[in-house]
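Worksheet: the structure to be examined is printed underneath.
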Amino acid sequence: MLRADLHVHSKYSNHPSEWFLQRLGASESYTEPEFIYQSAKQKGMNFITVTDHNRIEAGLLLQEKYPQDVFLGVESTAYFPEDGCKVHILIYGFDERQFEEIQIRRHDIYELSEYLHENRLAHSVAHASFSVNGKISLTHLEKLILLFNVFEARNGGRSRFHNDTWRTILSDLTPETIDDLSRKYRIEPRGENPWIKGLTGGSDDHAGLFIGQTYTQSAARTKEEFLKSIMDRKTEAAGRHNNYKSLAFMFYKIAYEFSQKKREAAPSSFLGQLTEFVFERKGLGLKNRVLLRRARSSSGKDGRRFYKLIAELIDEMEEHRTSPLDTRLDRAFEKIAEIADEFFKILLQSFEKNLQNGDLISLIKNISASIPGIFLSVPFFSTVKLMSENRGLLAEMQAFHGTKREAPPKKILCFADSLGDLSSVSAALEKIGNLTLEKDLPLPIILSSGDGENIRGTAIQRIDLPSIHSFRLPGHENYCLRIPSVLKSIEKIWQLDPDEIIILTPGPIGMLGLLAARLLNVKSVGVYHTDFTRQVLKAIPDESVAQLVENLTKTFYSAMDEIHVPTQKHLQILTSRGFSPAKMRVFHMGLDAWMFSLQQG
């Protein structure tokens with residue numbers, strides 16, 4: 001089998017679509033064409049192509065130097081003229097005159113499709129379910145199925161969920177599906193047997209990190225046969241899927257290369273050298289070893305562990321210098337998460353100490369000191385959200401056009417702070433635990449480490465999140481309200497891959513559940529079982545504090561997709577207090593039936 005990575009970007013790509021890079025003013029890629037060629041060859045690719053956005057300079061350079069195993073490629077931005085929806089079409093094996101025609105016709109996807117089909121140019125629809133400009137819909141996907149017969153089934157920049165779900169949708173197509181769509185849109189499908197789709201794969205690499213790790217393979221024996229096999233739908237997609245951590249590091253890498261370009265001949269900073277060390281497996285020089293020793297010694301002067309953690313990060317990279325890149329990135333993420341936790345811990349300790357002392361100046365200083373932790377975390381939040389986009393669109397597409405496959409069990413996570421002394425959550429958790437065993441319903445409860453003593457039952461299917469700090473609540477000094485490590489918690493939740501999130505309490509774990517639901521683009525259900533404002537008034541008889549709690553609680557629950565309340569009276573009371581009645585639902589049928597409906601819904 002011959003192989004080619006059919007989706008790679010070089011320094012000639014146009015302006016990036018990702019907001020993170022746009023805000024920096026960075027290019028989409030800084031990878032040299034020669035590096036792409038050599039890296040692809042090292043990974044066992046027989047043929048090489050570069051698919052920059054609407055440009056072919058890199059391909060022309062490589063084709064002139066390596067004509068035997070390079071063919072021209074482009075990722076062409078095409079438009080649905082009726083609404084301006086953008087779609088990326090990968091095109092291969094053309095010449096410069098044909099590229100000029102592609103540039104003209106790409107502004108109307110119908111014309112482009114006809115041109116590619118008539119001229120027998122190998123092509124594939126890139127990451128079809130990814131919304132390039134926020135307009136992709138079920139209608140666009142259905143039209144693409146009529147207009148094109150080859151699709152990228154494994155994109156190295158997308159998650160396993162997106163790749164596998166799209167592949168399943170394509171494999172479930174039938175002649176009846178195509179006939180229905182053709183009548184619906186009055187579009188004649190391209191070619192023979194249009195329900196049979198060809199599949200390609202490519203790394204979609206922008207930073208030189210994963211070239212050749214996702215690819216297309218074919219039984220072809222020559223470059224010409226390989227290109228023909230794409231058109232004939234006789235290729236297979238294979239290799240690596242992506243995850244949010246790798247995508248974040250890709251952005252880090254591009255940002256680092258952007259900063260290097262701006263500095264040009266200026267000497268690199270210690271952190272710049274560290275980034276180079278992480279990505280390019282370079283050892284530390286004498287100067288940086290001296291700086292590393294200073295970082296280790298600094299940790300003992302003011303008690304802040306992040307200096308020590310930076311040193312540990314470098315030690316980890318040194319130890320795993322020859323390990324696979326994914327292993328190195330996982331190790332780097334662990335240390336970055338710990339460094340971010342240290343910044344946040346300073347802020348949390350400041351809240352606890354300085355609010356008690358009334359020292360607002362110190363509080364403000366420590367809020368500023370936590371900003372680096374925010375900057376370290378935001379790229380990971382952004383990539384979780386980016387990789388979770390359009391889950392609903394794929395589900396809608398599968399519901400309309402999928403065969404009658406047996407639906408997998410719905411994966412639900414239940415988040416609780418276990419406020420046993422402040423509400424009825426502890427008793428509810430005990431009953432949930434017993435029901436999950438009795439009914440064999442998988443409903444794990446997400447809690448923070450150390451909460452076990454607040455749960456009376458032992459049947460809870462619990463998943464612990466690591467905590468970085470805890471507070472004693474006024475009036476409830478025996479209870480610790482625990483603050484989870486955000487980055488480490490998001491990683492664990494990402495691995496659990498929930499379809500829905502239930503939130504039982506509005507504390508730190510509940511807020512983390514809401515954040516996770518927003519990032520993962522899954523449904524969030526808030527359970528309002530306790531009048532938190534009244535409970536706080538009992539502990540702290542201060543109307544201003546109670547009003548603050550009321551406002552925060554309303555904001556918190558208003559961010560949910562649904563709010564479940566135990567009685568119609570609760571619904572009426574909350575409506576009078578400004579909660580949206582459209583979001584509220586009464587679960588008066590009891591906890592047993594409520595849990596069953598959640599699992600089936």
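Identifiers in this document derive from the order of the structure tokens: chains are assigned A, B, ..., residues are numbered from 1 separately in each chain, and ligands are numbered from 1 in order of occurrence.
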Which residues are close to segment 556-564 of chain A, i.e. within 6 Å by only C-alpha atoms, leaving aside same-chain residues fewer than 5 positions away? Reply as a PDB file with N, CA and C atoms, in the first residue's frame.
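Dumped everything to out02.pdb:
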```
ATOM      1  N   SER A 524     -26.864  20.765  29.492  1.00  0.00           N
ATOM      2  CA  SER A 524     -26.686  20.918  30.936  1.00  0.00           C
ATOM      3  C   SER A 524     -28.053  21.003  31.602  1.00  0.00           C
ATOM      4  N   VAL A 525     -28.221  20.232  32.674  1.00  0.00           N
ATOM      5  CA  VAL A 525     -29.477  20.213  33.423  1.00  0.00           C
ATOM      6  C   VAL A 525     -29.167  20.571  34.876  1.00  0.00           C
ATOM      7  N   GLY A 526     -29.741  21.663  35.364  1.00  0.00           N
ATOM      8  CA  GLY A 526     -29.552  22.057  36.756  1.00  0.00           C
ATOM      9  C   GLY A 526     -30.722  21.608  37.604  1.00  0.00           C
ATOM     10  N   VAL A 527     -30.455  21.010  38.750  1.00  0.00           N
ATOM     11  CA  VAL A 527     -31.501  20.554  39.667  1.00  0.00           C
ATOM     12  C   VAL A 527     -31.591  21.553  40.817  1.00  0.00           C
ATOM     13  N   LYS A 583     -37.339  27.385  30.698  1.00  0.00           N
ATOM     14  CA  LYS A 583     -36.262  26.428  30.963  1.00  0.00           C
ATOM     15  C   LYS A 583     -36.620  25.422  32.050  1.00  0.00           C
ATOM     16  N   MET A 584     -37.688  25.698  32.823  1.00  0.00           N
ATOM     17  CA  MET A 584     -37.970  24.873  33.993  1.00  0.00           C
ATOM     18  C   MET A 584     -38.896  23.707  33.683  1.00  0.00           C
ATOM     19  N   ARG A 585     -38.656  22.626  34.384  1.00  0.00           N
ATOM     20  CA  ARG A 585     -39.439  21.401  34.209  1.00  0.00           C
ATOM     21  C   ARG A 585     -39.618  20.749  35.578  1.00  0.00           C
ATOM     22  N   VAL A 586     -40.825  20.301  35.882  1.00  0.00           N
ATOM     23  CA  VAL A 586     -41.120  19.665  37.165  1.00  0.00           C
ATOM     24  C   VAL A 586     -40.861  18.164  37.059  1.00  0.00           C
TER      25      VAL A 586
END
```
Please report, as a tab-separated table, each residue of segment 28-118 of chain A lying at most 10 Å from segment 211-218 of chain A, together with the nearest pair of atoms and the separation in Å rounded to one decimal; use only C-alpha atoms, and order rows by chain and ascending residue number.
```
residue	atom	partner	partner_atom	distance
A:Phe35	CA	A:Ile211	CA	9.6
A:Ile36	CA	A:Ile211	CA	7.0
A:Tyr37	CA	A:Ile211	CA	9.2
A:Gln38	CA	A:Ile211	CA	9.7
A:Ser39	CA	A:Ile211	CA	6.4
A:Ala40	CA	A:Gly212	CA	5.0
A:Lys41	CA	A:Gly212	CA	8.0
A:Gln42	CA	A:Gly212	CA	8.4
A:Lys43	CA	A:Gly212	CA	5.5
A:Gly44	CA	A:Gly212	CA	7.4
A:Met45	CA	A:Gly212	CA	6.5
A:Asn46	CA	A:Gln217	CA	9.5
A:Ile48	CA	A:Gly212	CA	9.3
```
### Query
If you measure from atom CA of Ser576 of chain A to atom CA of Leu512 of chain A, what distance in Å do you get, rounded to one decimal?
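These two atoms are separated by 27.6 Å.
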Exercise. Can you check which residues of segment 17-252 of chain A DSSP gives as strand (DSSP E) on the backbone and send them as a ChimeraX atom specification?
Key: /A:73-79,86-92,122-125,150-155,198-202,214-218,236-239
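Using only C-alpha atoms, the residues found no farther than 10 Å from Arg154 of chain A, other than those of its own chain fewer than 5 positions away, are A:Ala126, A:His127, A:Ser159, A:Arg160, A:His162, A:Asn163, A:Asp164, A:Trp166, A:Arg167, A:Leu199, A:Thr200, A:Gly201, A:Gly202, A:Ser203, A:Asp204, A:Thr214, A:Tyr215, A:Thr216, A:Glu236, A:Ala237, A:Ala238, A:Gly239, A:Arg240, A:His241, A:Asn242.
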>> When you look at segment 183-191 of chain A with a cut-off of 9 Å (counting only C-alpha atoms), what residues show up, excluding the ones that are within fewer than 6 positions of it in the same chain? I need them as JSON, numbers by chain.
In response: {"A": [113, 114, 117, 142, 143, 145, 146, 147, 148, 149]}
Selected residues written out with C-alpha atoms, as an mmCIF file, in the first residue's frame:
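Heads up, here's the output in out19.cif:
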```cif
data_model
loop_
_atom_site.group_PDB
_atom_site.id
_atom_site.type_symbol
_atom_site.label_atom_id
_atom_site.label_comp_id
_atom_site.auth_asym_id
_atom_site.auth_seq_id
_atom_site.Cartn_x
_atom_site.Cartn_y
_atom_site.Cartn_z
ATOM 1 C CA SER A 113 -17.983 20.737 -8.249
ATOM 2 C CA GLU A 114 -18.917 20.561 -11.924
ATOM 3 C CA HIS A 117 -15.975 16.290 -12.002
ATOM 4 C CA GLU A 142 -26.871 17.099 2.421
ATOM 5 C CA LYS A 143 -25.947 19.198 -0.617
ATOM 6 C CA ILE A 145 -23.238 14.576 -0.367
ATOM 7 C CA LEU A 146 -24.866 15.217 -3.744
ATOM 8 C CA LEU A 147 -22.081 17.427 -5.119
ATOM 9 C CA PHE A 148 -19.050 15.323 -4.089
ATOM 10 C CA ASN A 149 -18.182 11.639 -3.830
#
```
Return as an NGL selection string the full set of residues in segment 141-270 of chain A whose backbone-based DSSP assignment is alpha helix (DSSP H). :A and (141-147 or 160-171 or 175-185 or 223-231 or 244-263 or 270)
Residue among A:Arg328, A:Arg158, A:Lys523, A:Lys223 lying closest to Pro67 of chain A, counting only C-alpha atoms
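Comparing A:Arg328, A:Arg158, A:Lys523, A:Lys223 against Pro67 of chain A, the winner is A:Lys223.
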Nearest residue to Ala337 of chain A from the set A:Gln398, A:Ser489, A:Gln568, A:Thr31 (distances using only C-alpha atoms):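 When distances to Ala337 of chain A are compared using only C-alpha atoms, the smallest one comes from A:Ser489.
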**Asked** Counting only C-alpha atoms, what is within 6 Å of segment 542-547 of chain A, bar same-chain residues fewer than 3 positions away, as a PyMOL selection string?
**Response** chain A and resi 533+537+550
Would you save the residues from that selection as a short mmCIF file (atom, residue, chain, number, x, y, z; two decimals), in the first residue's frame, using C-alpha atoms?
```
data_model
loop_
_atom_site.label_atom_id
_atom_site.label_comp_id
_atom_site.auth_asym_id
_atom_site.auth_seq_id
_atom_site.Cartn_x
_atom_site.Cartn_y
_atom_site.Cartn_z
CA THR A 533 -30.69 32.26 49.54
CA LEU A 537 -29.70 33.98 55.50
CA GLU A 550 -29.68 35.26 45.05
#
```
